[in-house]
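Novice: Hey, dropping model_24.cif in here, mmCIF, N, CA and C atoms:
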data_start
loop_
_atom_site.label_atom_id
_atom_site.label_comp_id
_atom_site.auth_asym_id
_atom_site.auth_seq_id
_atom_site.Cartn_x
_atom_site.Cartn_y
_atom_site.Cartn_z
N MET W 1 -1.47 85.39 -51.12
CA MET W 1 -1.16 86.74 -50.70
C MET W 1 -1.59 87.00 -49.28
N SER W 2 -2.65 86.37 -48.87
CA SER W 2 -3.11 86.59 -47.50
C SER W 2 -2.09 86.09 -46.49
N SER W 3 -1.35 85.04 -46.83
CA SER W 3 -0.35 84.54 -45.89
C SER W 3 0.81 85.50 -45.74
N SER W 4 1.20 86.21 -46.83
CA SER W 4 2.30 87.17 -46.71
C SER W 4 1.88 88.38 -45.91
N ARG W 5 0.61 88.74 -45.97
CA ARG W 5 0.14 89.88 -45.17
C ARG W 5 0.17 89.54 -43.68
N SER W 6 -0.14 88.33 -43.35
CA SER W 6 -0.13 87.96 -41.93
C SER W 6 1.29 87.80 -41.39
N ARG W 7 2.24 87.56 -42.26
CA ARG W 7 3.63 87.39 -41.80
C ARG W 7 4.31 88.71 -41.49
N ARG W 8 3.97 89.76 -42.17
CA ARG W 8 4.66 91.04 -41.98
C ARG W 8 4.54 91.58 -40.56
N PRO W 9 3.37 91.60 -39.97
CA PRO W 9 3.32 92.13 -38.60
C PRO W 9 4.14 91.30 -37.61
N ARG W 10 4.17 89.98 -37.79
CA ARG W 10 4.95 89.16 -36.87
C ARG W 10 6.43 89.45 -36.99
N ALA W 11 6.91 89.65 -38.20
CA ALA W 11 8.34 89.93 -38.40
C ALA W 11 8.72 91.26 -37.77
N SER W 12 7.88 92.28 -37.90
CA SER W 12 8.22 93.57 -37.33
C SER W 12 8.18 93.53 -35.80
N SER W 13 7.25 92.81 -35.22
CA SER W 13 7.22 92.71 -33.76
C SER W 13 8.42 91.92 -33.24
N ARG W 14 8.88 90.96 -34.02
CA ARG W 14 10.05 90.19 -33.61
C ARG W 14 11.29 91.08 -33.62
N ARG W 15 11.40 91.96 -34.61
CA ARG W 15 12.55 92.84 -34.68
C ARG W 15 12.57 93.83 -33.52
N SER W 16 11.41 94.32 -33.13
CA SER W 16 11.39 95.31 -32.05
C SER W 16 11.80 94.71 -30.72
N GLY W 17 11.70 93.42 -30.54
CA GLY W 17 12.07 92.78 -29.29
C GLY W 17 13.53 92.44 -29.17
N SER W 18 14.34 92.71 -30.19
CA SER W 18 15.75 92.33 -30.15
C SER W 18 16.65 93.46 -29.69
N SER W 19 16.12 94.39 -28.96
CA SER W 19 16.89 95.52 -28.46
C SER W 19 17.78 95.09 -27.30
N LEU W 20 18.86 95.84 -27.06
CA LEU W 20 19.72 95.57 -25.91
C LEU W 20 18.99 95.85 -24.60
N PHE W 21 17.97 96.67 -24.64
CA PHE W 21 17.24 97.05 -23.44
C PHE W 21 15.93 96.29 -23.36
N GLN W 22 16.01 95.01 -23.56
CA GLN W 22 14.83 94.16 -23.56
C GLN W 22 14.31 94.01 -22.13
N SER W 23 12.99 94.12 -21.98
CA SER W 23 12.42 94.08 -20.64
C SER W 23 12.09 92.66 -20.18
N GLN W 24 12.19 91.68 -21.06
CA GLN W 24 11.89 90.31 -20.68
C GLN W 24 13.05 89.71 -19.90
N ALA W 25 12.73 88.75 -19.06
CA ALA W 25 13.77 88.07 -18.30
C ALA W 25 14.59 87.19 -19.23
N PRO W 26 15.92 87.11 -19.02
CA PRO W 26 16.75 86.27 -19.87
C PRO W 26 16.45 84.79 -19.63
N SER W 27 16.66 84.00 -20.67
CA SER W 27 16.41 82.57 -20.57
C SER W 27 17.53 81.89 -19.76
N ALA W 28 17.28 80.66 -19.38
CA ALA W 28 18.28 79.90 -18.62
C ALA W 28 19.52 79.67 -19.47
N ARG W 29 19.35 79.43 -20.76
CA ARG W 29 20.49 79.23 -21.64
C ARG W 29 21.33 80.51 -21.74
N HIS W 30 20.65 81.64 -21.86
CA HIS W 30 21.36 82.92 -21.95
C HIS W 30 22.19 83.15 -20.69
N LEU W 31 21.62 82.91 -19.53
CA LEU W 31 22.35 83.08 -18.28
C LEU W 31 23.53 82.11 -18.17
N ARG W 32 23.33 80.88 -18.65
CA ARG W 32 24.40 79.88 -18.60
C ARG W 32 25.56 80.29 -19.52
N VAL W 33 25.23 80.76 -20.74
CA VAL W 33 26.27 81.19 -21.67
C VAL W 33 27.00 82.42 -21.11
N GLN W 34 26.25 83.34 -20.54
CA GLN W 34 26.85 84.54 -19.96
C GLN W 34 27.81 84.18 -18.83
N SER W 35 27.41 83.27 -17.98
CA SER W 35 28.26 82.85 -16.87
C SER W 35 29.52 82.15 -17.38
N THR W 36 29.36 81.28 -18.36
CA THR W 36 30.51 80.57 -18.92
C THR W 36 31.49 81.53 -19.57
N LEU W 37 30.97 82.48 -20.34
CA LEU W 37 31.85 83.47 -20.98
C LEU W 37 32.58 84.31 -19.93
N SER W 38 31.88 84.71 -18.89
CA SER W 38 32.48 85.51 -17.83
C SER W 38 33.62 84.75 -17.15
N GLU W 39 33.39 83.49 -16.83
CA GLU W 39 34.44 82.69 -16.19
C GLU W 39 35.63 82.50 -17.11
N GLU W 40 35.36 82.25 -18.38
CA GLU W 40 36.45 82.02 -19.34
C GLU W 40 37.28 83.28 -19.55
N ILE W 41 36.63 84.42 -19.65
CA ILE W 41 37.38 85.67 -19.84
C ILE W 41 38.19 86.00 -18.60
N SER W 42 37.64 85.76 -17.42
CA SER W 42 38.39 85.98 -16.18
C SER W 42 39.63 85.09 -16.13
N LEU W 43 39.47 83.85 -16.52
CA LEU W 43 40.59 82.92 -16.54
C LEU W 43 41.65 83.37 -17.55
N LEU W 44 41.23 83.76 -18.74
CA LEU W 44 42.17 84.24 -19.75
C LEU W 44 42.89 85.50 -19.28
N PHE W 45 42.17 86.37 -18.61
CA PHE W 45 42.77 87.60 -18.10
C PHE W 45 43.86 87.30 -17.10
N ARG W 46 43.61 86.35 -16.21
CA ARG W 46 44.59 86.02 -15.17
C ARG W 46 45.79 85.25 -15.70
N SER W 47 45.57 84.38 -16.69
CA SER W 47 46.64 83.46 -17.07
C SER W 47 47.29 83.74 -18.43
N GLU W 48 46.58 84.29 -19.37
CA GLU W 48 47.10 84.38 -20.73
C GLU W 48 47.65 85.74 -21.14
N LEU W 49 47.12 86.82 -20.58
CA LEU W 49 47.55 88.15 -21.01
C LEU W 49 48.82 88.56 -20.29
N SER W 50 49.80 89.03 -21.06
CA SER W 50 51.09 89.38 -20.46
C SER W 50 51.43 90.86 -20.64
N ASP W 51 50.50 91.67 -21.06
CA ASP W 51 50.74 93.10 -21.25
C ASP W 51 50.92 93.76 -19.88
N PRO W 52 52.05 94.44 -19.65
CA PRO W 52 52.27 95.07 -18.34
C PRO W 52 51.26 96.19 -18.05
N LEU W 53 50.66 96.78 -19.07
CA LEU W 53 49.66 97.82 -18.83
C LEU W 53 48.39 97.26 -18.20
N LEU W 54 48.17 95.96 -18.35
CA LEU W 54 46.96 95.35 -17.81
C LEU W 54 47.16 94.78 -16.41
N GLU W 55 48.33 95.00 -15.82
CA GLU W 55 48.58 94.56 -14.45
C GLU W 55 47.67 95.33 -13.50
N GLY W 56 46.97 94.64 -12.67
CA GLY W 56 46.11 95.28 -11.69
C GLY W 56 44.71 95.60 -12.18
N VAL W 57 44.43 95.40 -13.47
CA VAL W 57 43.08 95.64 -13.99
C VAL W 57 42.18 94.53 -13.49
N ALA W 58 41.05 94.90 -12.91
CA ALA W 58 40.12 93.93 -12.35
C ALA W 58 38.81 93.97 -13.14
N LEU W 59 38.35 92.80 -13.55
CA LEU W 59 37.07 92.71 -14.24
C LEU W 59 35.97 92.70 -13.20
N THR W 60 34.99 93.60 -13.35
CA THR W 60 33.96 93.75 -12.32
C THR W 60 32.58 93.32 -12.77
N SER W 61 32.29 93.42 -14.06
CA SER W 61 30.95 93.06 -14.53
C SER W 61 31.03 92.46 -15.92
N PHE W 62 30.01 91.69 -16.24
CA PHE W 62 29.95 91.05 -17.56
C PHE W 62 28.48 90.97 -17.95
N GLU W 63 28.15 91.50 -19.12
CA GLU W 63 26.76 91.47 -19.58
C GLU W 63 26.74 91.07 -21.06
N LEU W 64 26.02 90.02 -21.34
CA LEU W 64 25.86 89.53 -22.71
C LEU W 64 24.55 90.06 -23.26
N SER W 65 24.60 90.61 -24.48
CA SER W 65 23.38 91.13 -25.09
C SER W 65 22.41 89.98 -25.34
N PRO W 66 21.11 90.25 -25.44
CA PRO W 66 20.13 89.18 -25.60
C PRO W 66 20.35 88.29 -26.81
N GLU W 67 20.85 88.86 -27.90
CA GLU W 67 21.09 88.04 -29.09
C GLU W 67 22.47 87.38 -29.07
N GLY W 68 23.29 87.70 -28.09
CA GLY W 68 24.59 87.04 -27.92
C GLY W 68 25.69 87.55 -28.82
N ARG W 69 25.50 88.70 -29.43
CA ARG W 69 26.52 89.23 -30.35
C ARG W 69 27.53 90.16 -29.68
N THR W 70 27.17 90.74 -28.55
CA THR W 70 28.04 91.70 -27.88
C THR W 70 28.11 91.39 -26.39
N ALA W 71 29.32 91.46 -25.86
CA ALA W 71 29.53 91.30 -24.43
C ALA W 71 30.17 92.57 -23.90
N ARG W 72 29.53 93.19 -22.91
CA ARG W 72 30.09 94.38 -22.26
C ARG W 72 30.77 93.94 -20.98
N ILE W 73 32.04 94.29 -20.87
CA ILE W 73 32.86 93.87 -19.74
C ILE W 73 33.29 95.12 -18.99
N GLY W 74 32.86 95.24 -17.74
CA GLY W 74 33.27 96.36 -16.90
C GLY W 74 34.57 96.05 -16.20
N TYR W 75 35.43 97.06 -16.08
CA TYR W 75 36.72 96.85 -15.41
C TYR W 75 37.06 98.07 -14.56
N THR W 76 37.86 97.83 -13.54
CA THR W 76 38.38 98.91 -12.70
C THR W 76 39.90 98.91 -12.78
N LEU W 77 40.45 100.08 -12.52
CA LEU W 77 41.90 100.26 -12.55
C LEU W 77 42.40 100.53 -11.14
N PRO W 78 43.64 100.16 -10.85
CA PRO W 78 44.21 100.52 -9.56
C PRO W 78 44.44 102.04 -9.50
N GLU W 79 44.54 102.59 -8.30
CA GLU W 79 44.71 104.03 -8.15
C GLU W 79 46.00 104.55 -8.76
N ASP W 80 47.04 103.73 -8.77
CA ASP W 80 48.34 104.19 -9.25
C ASP W 80 48.52 104.06 -10.76
N THR W 81 47.45 103.82 -11.51
CA THR W 81 47.54 103.71 -12.96
C THR W 81 47.85 105.08 -13.54
N ALA W 82 48.88 105.14 -14.40
CA ALA W 82 49.32 106.41 -14.96
C ALA W 82 48.30 106.99 -15.94
N ASP W 83 47.89 106.22 -16.94
CA ASP W 83 47.02 106.76 -17.98
C ASP W 83 45.95 105.74 -18.35
N PRO W 84 44.69 106.01 -18.00
CA PRO W 84 43.62 105.07 -18.35
C PRO W 84 43.45 104.88 -19.86
N ALA W 85 43.83 105.88 -20.65
CA ALA W 85 43.72 105.76 -22.10
C ALA W 85 44.66 104.67 -22.63
N GLN W 86 45.84 104.56 -22.04
CA GLN W 86 46.78 103.51 -22.45
C GLN W 86 46.23 102.13 -22.11
N VAL W 87 45.57 102.01 -20.97
CA VAL W 87 44.98 100.73 -20.58
C VAL W 87 43.86 100.37 -21.55
N LYS W 88 43.06 101.36 -21.93
CA LYS W 88 41.97 101.14 -22.89
C LYS W 88 42.54 100.64 -24.22
N GLU W 89 43.63 101.24 -24.68
CA GLU W 89 44.27 100.80 -25.92
C GLU W 89 44.80 99.37 -25.79
N ALA W 90 45.37 99.04 -24.63
CA ALA W 90 45.88 97.69 -24.40
C ALA W 90 44.74 96.68 -24.43
N LEU W 91 43.60 97.05 -23.87
CA LEU W 91 42.43 96.16 -23.90
C LEU W 91 41.93 95.98 -25.34
N LEU W 92 41.96 97.03 -26.12
CA LEU W 92 41.54 96.91 -27.52
C LEU W 92 42.49 96.01 -28.30
N ARG W 93 43.79 96.08 -27.98
CA ARG W 93 44.76 95.19 -28.63
C ARG W 93 44.53 93.74 -28.23
N ALA W 94 44.15 93.51 -26.98
CA ALA W 94 43.94 92.15 -26.48
C ALA W 94 42.59 91.58 -26.90
N GLN W 95 41.70 92.41 -27.37
CA GLN W 95 40.33 91.99 -27.70
C GLN W 95 40.29 90.87 -28.73
N GLY W 96 41.05 90.97 -29.79
CA GLY W 96 41.07 89.94 -30.83
C GLY W 96 41.61 88.62 -30.31
N TYR W 97 42.66 88.68 -29.50
CA TYR W 97 43.22 87.47 -28.92
C TYR W 97 42.21 86.79 -28.00
N LEU W 98 41.54 87.59 -27.17
CA LEU W 98 40.55 87.03 -26.24
C LEU W 98 39.40 86.37 -27.01
N ARG W 99 38.93 87.00 -28.07
CA ARG W 99 37.84 86.42 -28.87
C ARG W 99 38.29 85.11 -29.52
N SER W 100 39.52 85.07 -30.02
CA SER W 100 40.00 83.84 -30.67
C SER W 100 40.12 82.71 -29.65
N GLN W 101 40.56 83.02 -28.44
CA GLN W 101 40.66 82.00 -27.40
C GLN W 101 39.27 81.51 -26.97
N LEU W 102 38.31 82.44 -26.88
CA LEU W 102 36.94 82.04 -26.56
C LEU W 102 36.38 81.12 -27.63
N ALA W 103 36.65 81.44 -28.89
CA ALA W 103 36.15 80.61 -29.99
C ALA W 103 36.75 79.21 -29.94
N GLN W 104 38.02 79.10 -29.54
CA GLN W 104 38.67 77.79 -29.46
C GLN W 104 38.16 76.98 -28.28
N HIS W 105 37.94 77.63 -27.13
CA HIS W 105 37.60 76.90 -25.91
C HIS W 105 36.12 76.59 -25.76
N LEU W 106 35.26 77.43 -26.35
CA LEU W 106 33.83 77.25 -26.17
C LEU W 106 33.16 76.85 -27.49
N ASN W 107 32.16 76.05 -27.38
CA ASN W 107 31.44 75.59 -28.57
C ASN W 107 30.19 76.46 -28.75
N LEU W 108 30.41 77.67 -29.29
CA LEU W 108 29.31 78.60 -29.51
C LEU W 108 29.11 78.82 -31.01
N LYS W 109 27.89 79.11 -31.37
CA LYS W 109 27.59 79.38 -32.78
C LYS W 109 28.32 80.64 -33.24
N ARG W 110 28.31 81.67 -32.39
CA ARG W 110 29.05 82.88 -32.73
C ARG W 110 29.72 83.41 -31.47
N THR W 111 30.94 83.86 -31.64
CA THR W 111 31.69 84.43 -30.53
C THR W 111 31.34 85.90 -30.43
N PRO W 112 30.96 86.39 -29.26
CA PRO W 112 30.51 87.79 -29.16
C PRO W 112 31.66 88.78 -29.31
N ASN W 113 31.32 89.96 -29.80
CA ASN W 113 32.26 91.08 -29.81
C ASN W 113 32.42 91.54 -28.37
N LEU W 114 33.63 91.91 -28.00
CA LEU W 114 33.92 92.31 -26.63
C LEU W 114 34.04 93.82 -26.57
N ARG W 115 33.29 94.43 -25.66
CA ARG W 115 33.37 95.88 -25.42
C ARG W 115 33.78 96.08 -23.97
N PHE W 116 34.89 96.78 -23.77
CA PHE W 116 35.38 97.04 -22.42
C PHE W 116 34.91 98.42 -21.97
N VAL W 117 34.32 98.47 -20.78
CA VAL W 117 33.76 99.70 -20.23
C VAL W 117 34.46 100.00 -18.91
N HIS W 118 35.09 101.19 -18.84
CA HIS W 118 35.79 101.59 -17.62
C HIS W 118 34.77 101.97 -16.56
N VAL W 119 34.79 101.27 -15.43
CA VAL W 119 33.82 101.50 -14.36
C VAL W 119 34.36 102.51 -13.35
N GLY W 120 35.63 102.45 -13.05
CA GLY W 120 36.21 103.38 -12.08
C GLY W 120 37.56 102.89 -11.60
N THR W 121 38.02 103.45 -10.49
CA THR W 121 39.28 103.02 -9.90
C THR W 121 39.01 102.29 -8.61
N ALA W 122 39.81 101.29 -8.37
CA ALA W 122 39.67 100.48 -7.15
C ALA W 122 40.64 101.00 -6.10
N PRO W 123 40.21 101.10 -4.86
CA PRO W 123 41.12 101.54 -3.80
C PRO W 123 42.20 100.49 -3.56
N CYS W 124 43.29 100.93 -3.05
CA CYS W 124 44.40 100.03 -2.73
C CYS W 124 43.98 99.13 -1.57
N THR W 125 44.21 97.82 -1.70
CA THR W 125 43.75 96.86 -0.69
C THR W 125 44.89 96.26 0.13
N GLU W 126 46.05 96.89 0.10
CA GLU W 126 47.18 96.36 0.86
C GLU W 126 46.97 96.65 2.35
N PRO W 127 47.29 95.70 3.22
CA PRO W 127 47.14 95.95 4.66
C PRO W 127 48.17 96.96 5.14
N ASP W 128 47.79 97.74 6.13
CA ASP W 128 48.71 98.72 6.71
C ASP W 128 49.57 98.04 7.75
N ASP W 129 50.83 97.85 7.46
CA ASP W 129 51.74 97.18 8.39
C ASP W 129 52.01 98.01 9.65
N PRO W 130 52.16 99.35 9.56
CA PRO W 130 52.44 100.11 10.78
C PRO W 130 51.29 100.00 11.79
N ASP W 131 50.05 99.96 11.35
CA ASP W 131 48.92 99.82 12.27
C ASP W 131 48.96 98.47 12.96
N ARG W 132 49.27 97.44 12.21
CA ARG W 132 49.34 96.09 12.80
C ARG W 132 50.45 96.01 13.83
N ALA W 133 51.58 96.65 13.55
CA ALA W 133 52.70 96.62 14.48
C ALA W 133 52.33 97.30 15.79
N SER W 134 51.60 98.44 15.70
CA SER W 134 51.21 99.13 16.92
C SER W 134 50.17 98.33 17.69
N ASP W 135 49.27 97.63 16.98
CA ASP W 135 48.30 96.78 17.66
C ASP W 135 48.99 95.62 18.37
N ASP W 136 49.97 95.04 17.72
CA ASP W 136 50.69 93.91 18.32
C ASP W 136 51.45 94.36 19.55
N GLU W 137 52.07 95.57 19.50
CA GLU W 137 52.83 96.06 20.62
C GLU W 137 51.90 96.35 21.80
N GLY W 138 50.72 96.91 21.49
CA GLY W 138 49.76 97.21 22.55
C GLY W 138 49.28 95.96 23.24
N GLU W 139 49.04 94.90 22.48
CA GLU W 139 48.59 93.65 23.06
C GLU W 139 49.70 93.01 23.87
N GLY W 140 50.93 93.12 23.37
CA GLY W 140 52.05 92.51 24.06
C GLY W 140 52.35 93.24 25.38
N GLY W 141 52.14 94.58 25.45
CA GLY W 141 52.41 95.33 26.66
C GLY W 141 51.41 95.04 27.75
N ASP W 142 50.17 94.69 27.36
CA ASP W 142 49.15 94.41 28.37
C ASP W 142 49.37 93.04 29.02
N ALA W 143 49.96 92.12 28.34
CA ALA W 143 50.10 90.77 28.86
C ALA W 143 51.25 90.61 29.78
#
Would you kindly transcribe this structure into structure tokens?
Specialist:
Amino acid sequence: MSSSRSRRPRASSRRSGSSLFQSQAPSARHLRVQSTLSEEISLLFRSELSDPLLEGVALTSFELSPEGRTARIGYTLPEDTADPAQVKEALLRAQGYLRSQLAQHLNLKRTPNLRFVHVGTAPCTEPDDPDRASDDEGEGGDA
């Protein structure tokens, strides 16, 4: 009986440390798995998903929970996106496919649940052609 009494406090302290907001530094393995998952999801996003609602969606952050059961993926939308709610629904539809592809490509004990978090909108990054044309004309007139 004395051995069971000594086990109870250790089990409760172990449970309290499994929070998502753990203050300890992540292990090297945890960081390696997180990096691998992030790269694989980025690759799948670029090459495998064909939903037109997901065009222009950029993945910005990736965080794996300490126990490896949940992955939070931050994303941004282009400014011209009509309805962010439709994009969120498209991501929820793609979630199962992405998890199945991760399970096939990676040798993990458990494939994490994917949670997509909208971070914001990304500004348009297209170059301004009229400004470049005026700069070129100004340089050409001086020469």
Novice: So that I can see what lies close to Arg69 of chain W, please list as a PDB file with N, CA and C atoms, keeping the file's coordinate frame the residues with an atom at most 7 Å from it, counting only C-alpha atoms and leaving out residues fewer than 2 positions away in the same chain.
Specialist:
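Final output, saved to part-v9.pdb:
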ATOM      1  N   SER W  65      24.600  90.610 -24.480  1.00  0.00           N
ATOM      2  CA  SER W  65      23.380  91.130 -25.090  1.00  0.00           C
ATOM      3  C   SER W  65      22.410  89.980 -25.340  1.00  0.00           C
ATOM      4  N   GLU W  67      20.850  88.860 -27.900  1.00  0.00           N
ATOM      5  CA  GLU W  67      21.090  88.040 -29.090  1.00  0.00           C
ATOM      6  C   GLU W  67      22.470  87.380 -29.070  1.00  0.00           C
ATOM      7  N   ALA W  71      29.320  91.460 -25.860  1.00  0.00           N
ATOM      8  CA  ALA W  71      29.530  91.300 -24.430  1.00  0.00           C
ATOM      9  C   ALA W  71      30.170  92.570 -23.900  1.00  0.00           C
ATOM     10  N   PRO W 112      30.960  86.390 -29.260  1.00  0.00           N
ATOM     11  CA  PRO W 112      30.510  87.790 -29.160  1.00  0.00           C
ATOM     12  C   PRO W 112      31.660  88.780 -29.310  1.00  0.00           C
ATOM     13  N   ASN W 113      31.320  89.960 -29.800  1.00  0.00           N
ATOM     14  CA  ASN W 113      32.260  91.080 -29.810  1.00  0.00           C
ATOM     15  C   ASN W 113      32.420  91.540 -28.370  1.00  0.00           C
TER      16      ASN W 113
END
Novice: Give me the residues within 8 Å of Thr121 of chain W as a PyMOL selection string, counting only C-alpha atoms and dropping any in the same chain fewer than 2 places off.
Specialist: chain W and resi 76-79+119+123
Novice: Quick one: everything within 12 Å of segment 46-54 of chain W, counting only C-alpha atoms, minus sequence neighbours fewer than 2 positions away in the same chain. Send it as an mmCIF file with N, CA and C atoms, in the frame of the given file.
Specialist:
data_model
loop_
_atom_site.group_PDB
_atom_site.id
_atom_site.type_symbol
_atom_site.label_atom_id
_atom_site.label_comp_id
_atom_site.auth_asym_id
_atom_site.auth_seq_id
_atom_site.Cartn_x
_atom_site.Cartn_y
_atom_site.Cartn_z
ATOM 1 N N GLU W 39 33.390 83.490 -16.830
ATOM 2 C CA GLU W 39 34.440 82.690 -16.190
ATOM 3 C C GLU W 39 35.630 82.500 -17.110
ATOM 4 N N GLU W 40 35.360 82.250 -18.380
ATOM 5 C CA GLU W 40 36.450 82.020 -19.340
ATOM 6 C C GLU W 40 37.280 83.280 -19.550
ATOM 7 N N ILE W 41 36.630 84.420 -19.650
ATOM 8 C CA ILE W 41 37.380 85.670 -19.840
ATOM 9 C C ILE W 41 38.190 86.000 -18.600
ATOM 10 N N SER W 42 37.640 85.760 -17.420
ATOM 11 C CA SER W 42 38.390 85.980 -16.180
ATOM 12 C C SER W 42 39.630 85.090 -16.130
ATOM 13 N N LEU W 43 39.470 83.850 -16.520
ATOM 14 C CA LEU W 43 40.590 82.920 -16.540
ATOM 15 C C LEU W 43 41.650 83.370 -17.550
ATOM 16 N N LEU W 44 41.230 83.760 -18.740
ATOM 17 C CA LEU W 44 42.170 84.240 -19.750
ATOM 18 C C LEU W 44 42.890 85.500 -19.280
ATOM 19 N N GLY W 56 46.970 94.640 -12.670
ATOM 20 C CA GLY W 56 46.110 95.280 -11.690
ATOM 21 C C GLY W 56 44.710 95.600 -12.180
ATOM 22 N N VAL W 57 44.430 95.400 -13.470
ATOM 23 C CA VAL W 57 43.080 95.640 -13.990
ATOM 24 C C VAL W 57 42.180 94.530 -13.490
ATOM 25 N N ALA W 58 41.050 94.900 -12.910
ATOM 26 C CA ALA W 58 40.120 93.930 -12.350
ATOM 27 C C ALA W 58 38.810 93.970 -13.140
ATOM 28 N N LEU W 59 38.350 92.800 -13.550
ATOM 29 C CA LEU W 59 37.070 92.710 -14.240
ATOM 30 C C LEU W 59 35.970 92.700 -13.200
ATOM 31 N N TYR W 75 35.430 97.060 -16.080
ATOM 32 C CA TYR W 75 36.720 96.850 -15.410
ATOM 33 C C TYR W 75 37.060 98.070 -14.560
ATOM 34 N N THR W 76 37.860 97.830 -13.540
ATOM 35 C CA THR W 76 38.380 98.910 -12.700
ATOM 36 C C THR W 76 39.900 98.910 -12.780
ATOM 37 N N LEU W 77 40.450 100.080 -12.520
ATOM 38 C CA LEU W 77 41.900 100.260 -12.550
ATOM 39 C C LEU W 77 42.400 100.530 -11.140
ATOM 40 N N PRO W 78 43.640 100.160 -10.850
ATOM 41 C CA PRO W 78 44.210 100.520 -9.560
ATOM 42 C C PRO W 78 44.440 102.040 -9.500
ATOM 43 N N ASP W 80 47.040 103.730 -8.770
ATOM 44 C CA ASP W 80 48.340 104.190 -9.250
ATOM 45 C C ASP W 80 48.520 104.060 -10.760
ATOM 46 N N THR W 81 47.450 103.820 -11.510
ATOM 47 C CA THR W 81 47.540 103.710 -12.960
ATOM 48 C C THR W 81 47.850 105.080 -13.540
ATOM 49 N N ALA W 82 48.880 105.140 -14.400
ATOM 50 C CA ALA W 82 49.320 106.410 -14.960
ATOM 51 C C ALA W 82 48.300 106.990 -15.940
ATOM 52 N N ASP W 83 47.890 106.220 -16.940
ATOM 53 C CA ASP W 83 47.020 106.760 -17.980
ATOM 54 C C ASP W 83 45.950 105.740 -18.350
ATOM 55 N N PRO W 84 44.690 106.010 -18.000
ATOM 56 C CA PRO W 84 43.620 105.070 -18.350
ATOM 57 C C PRO W 84 43.450 104.880 -19.860
ATOM 58 N N ALA W 85 43.830 105.880 -20.650
ATOM 59 C CA ALA W 85 43.720 105.760 -22.100
ATOM 60 C C ALA W 85 44.660 104.670 -22.630
ATOM 61 N N GLN W 86 45.840 104.560 -22.040
ATOM 62 C CA GLN W 86 46.780 103.510 -22.450
ATOM 63 C C GLN W 86 46.230 102.130 -22.110
ATOM 64 N N VAL W 87 45.570 102.010 -20.970
ATOM 65 C CA VAL W 87 44.980 100.730 -20.580
ATOM 66 C C VAL W 87 43.860 100.370 -21.550
ATOM 67 N N LYS W 88 43.060 101.360 -21.930
ATOM 68 C CA LYS W 88 41.970 101.140 -22.890
ATOM 69 C C LYS W 88 42.540 100.640 -24.220
ATOM 70 N N GLU W 89 43.630 101.240 -24.680
ATOM 71 C CA GLU W 89 44.270 100.800 -25.920
ATOM 72 C C GLU W 89 44.800 99.370 -25.790
ATOM 73 N N ALA W 90 45.370 99.040 -24.630
ATOM 74 C CA ALA W 90 45.880 97.690 -24.400
ATOM 75 C C ALA W 90 44.740 96.680 -24.430
ATOM 76 N N LEU W 91 43.600 97.050 -23.870
ATOM 77 C CA LEU W 91 42.430 96.160 -23.900
ATOM 78 C C LEU W 91 41.930 95.980 -25.340
ATOM 79 N N LEU W 92 41.960 97.030 -26.120
ATOM 80 C CA LEU W 92 41.540 96.910 -27.520
ATOM 81 C C LEU W 92 42.490 96.010 -28.300
ATOM 82 N N ARG W 93 43.790 96.080 -27.980
ATOM 83 C CA ARG W 93 44.760 95.190 -28.630
ATOM 84 C C ARG W 93 44.530 93.740 -28.230
ATOM 85 N N ALA W 94 44.150 93.510 -26.980
ATOM 86 C CA ALA W 94 43.940 92.150 -26.480
ATOM 87 C C ALA W 94 42.590 91.580 -26.900
ATOM 88 N N GLN W 95 41.700 92.410 -27.370
ATOM 89 C CA GLN W 95 40.330 91.990 -27.700
ATOM 90 C C GLN W 95 40.290 90.870 -28.730
ATOM 91 N N GLY W 96 41.050 90.970 -29.790
ATOM 92 C CA GLY W 96 41.070 89.940 -30.830
ATOM 93 C C GLY W 96 41.610 88.620 -30.310
ATOM 94 N N TYR W 97 42.660 88.680 -29.500
ATOM 95 C CA TYR W 97 43.220 87.470 -28.920
ATOM 96 C C TYR W 97 42.210 86.790 -28.000
ATOM 97 N N LEU W 98 41.540 87.590 -27.170
ATOM 98 C CA LEU W 98 40.550 87.030 -26.240
ATOM 99 C C LEU W 98 39.400 86.370 -27.010
ATOM 100 N N GLN W 101 40.560 83.020 -28.440
ATOM 101 C CA GLN W 101 40.660 82.000 -27.400
ATOM 102 C C GLN W 101 39.270 81.510 -26.970
ATOM 103 N N LEU W 102 38.310 82.440 -26.880
ATOM 104 C CA LEU W 102 36.940 82.040 -26.560
ATOM 105 C C LEU W 102 36.380 81.120 -27.630
#
Novice: Name the residues of segment 20-119 of chain W that come out as helix (DSSP H, G or I) in a backbone DSSP run; write them as a PyMOL selection string.
Specialist: chain W and resi 28-47+52-54+84-105
Novice: For the structure I just gave you, how does DSSP split segment 34-140 of chain W - specifically, which residues are strand (DSSP E or B)? Reply as a ChimeraX atom specification.
Specialist: /W:58-64,70-78,113-122
Novice: Could you jot down the atom CA of Thr111 of chain W to atom CA of Arg99 of chain W separation for me, Å, one decimal place?
Specialist: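 These two atoms are separated by 6.7 Å.
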Novice: In Å, how far is it from atom CA of Glu55 of chain W to atom CA of Leu106 of chain W?
Specialist: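 Atom-to-atom, atom CA of Glu55 of chain W and atom CA of Leu106 of chain W are spaced 25.6 Å apart.
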Novice: Kindly indicate which residue among W:Glu63, W:Gly74, W:Leu31, W:Gly68 lies nearest to Phe116 of chain W, using all atoms listed in the file for the distances.
Specialist: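 Of the candidates, the smallest distance to Phe116 of chain W is held by W:Gly74.
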Novice: Which residue is closest to Gln24 of chain W? Choose from W:Val117, W:Lys109, W:Thr36, W:Pro66 and count only C-alpha atoms.
Specialist: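 Of W:Val117, W:Lys109, W:Thr36, W:Pro66, the one nearest Gln24 of chain W is W:Pro66, counting only C-alpha atoms.
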Novice: Between atom C of Ser61 of chain W and atom C of Asn107 of chain W, what is the spacing in Å?
Specialist: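 About the pair atom C of Asn107 of chain W and atom C of Ser61 of chain W: they are 20.5 Å apart.
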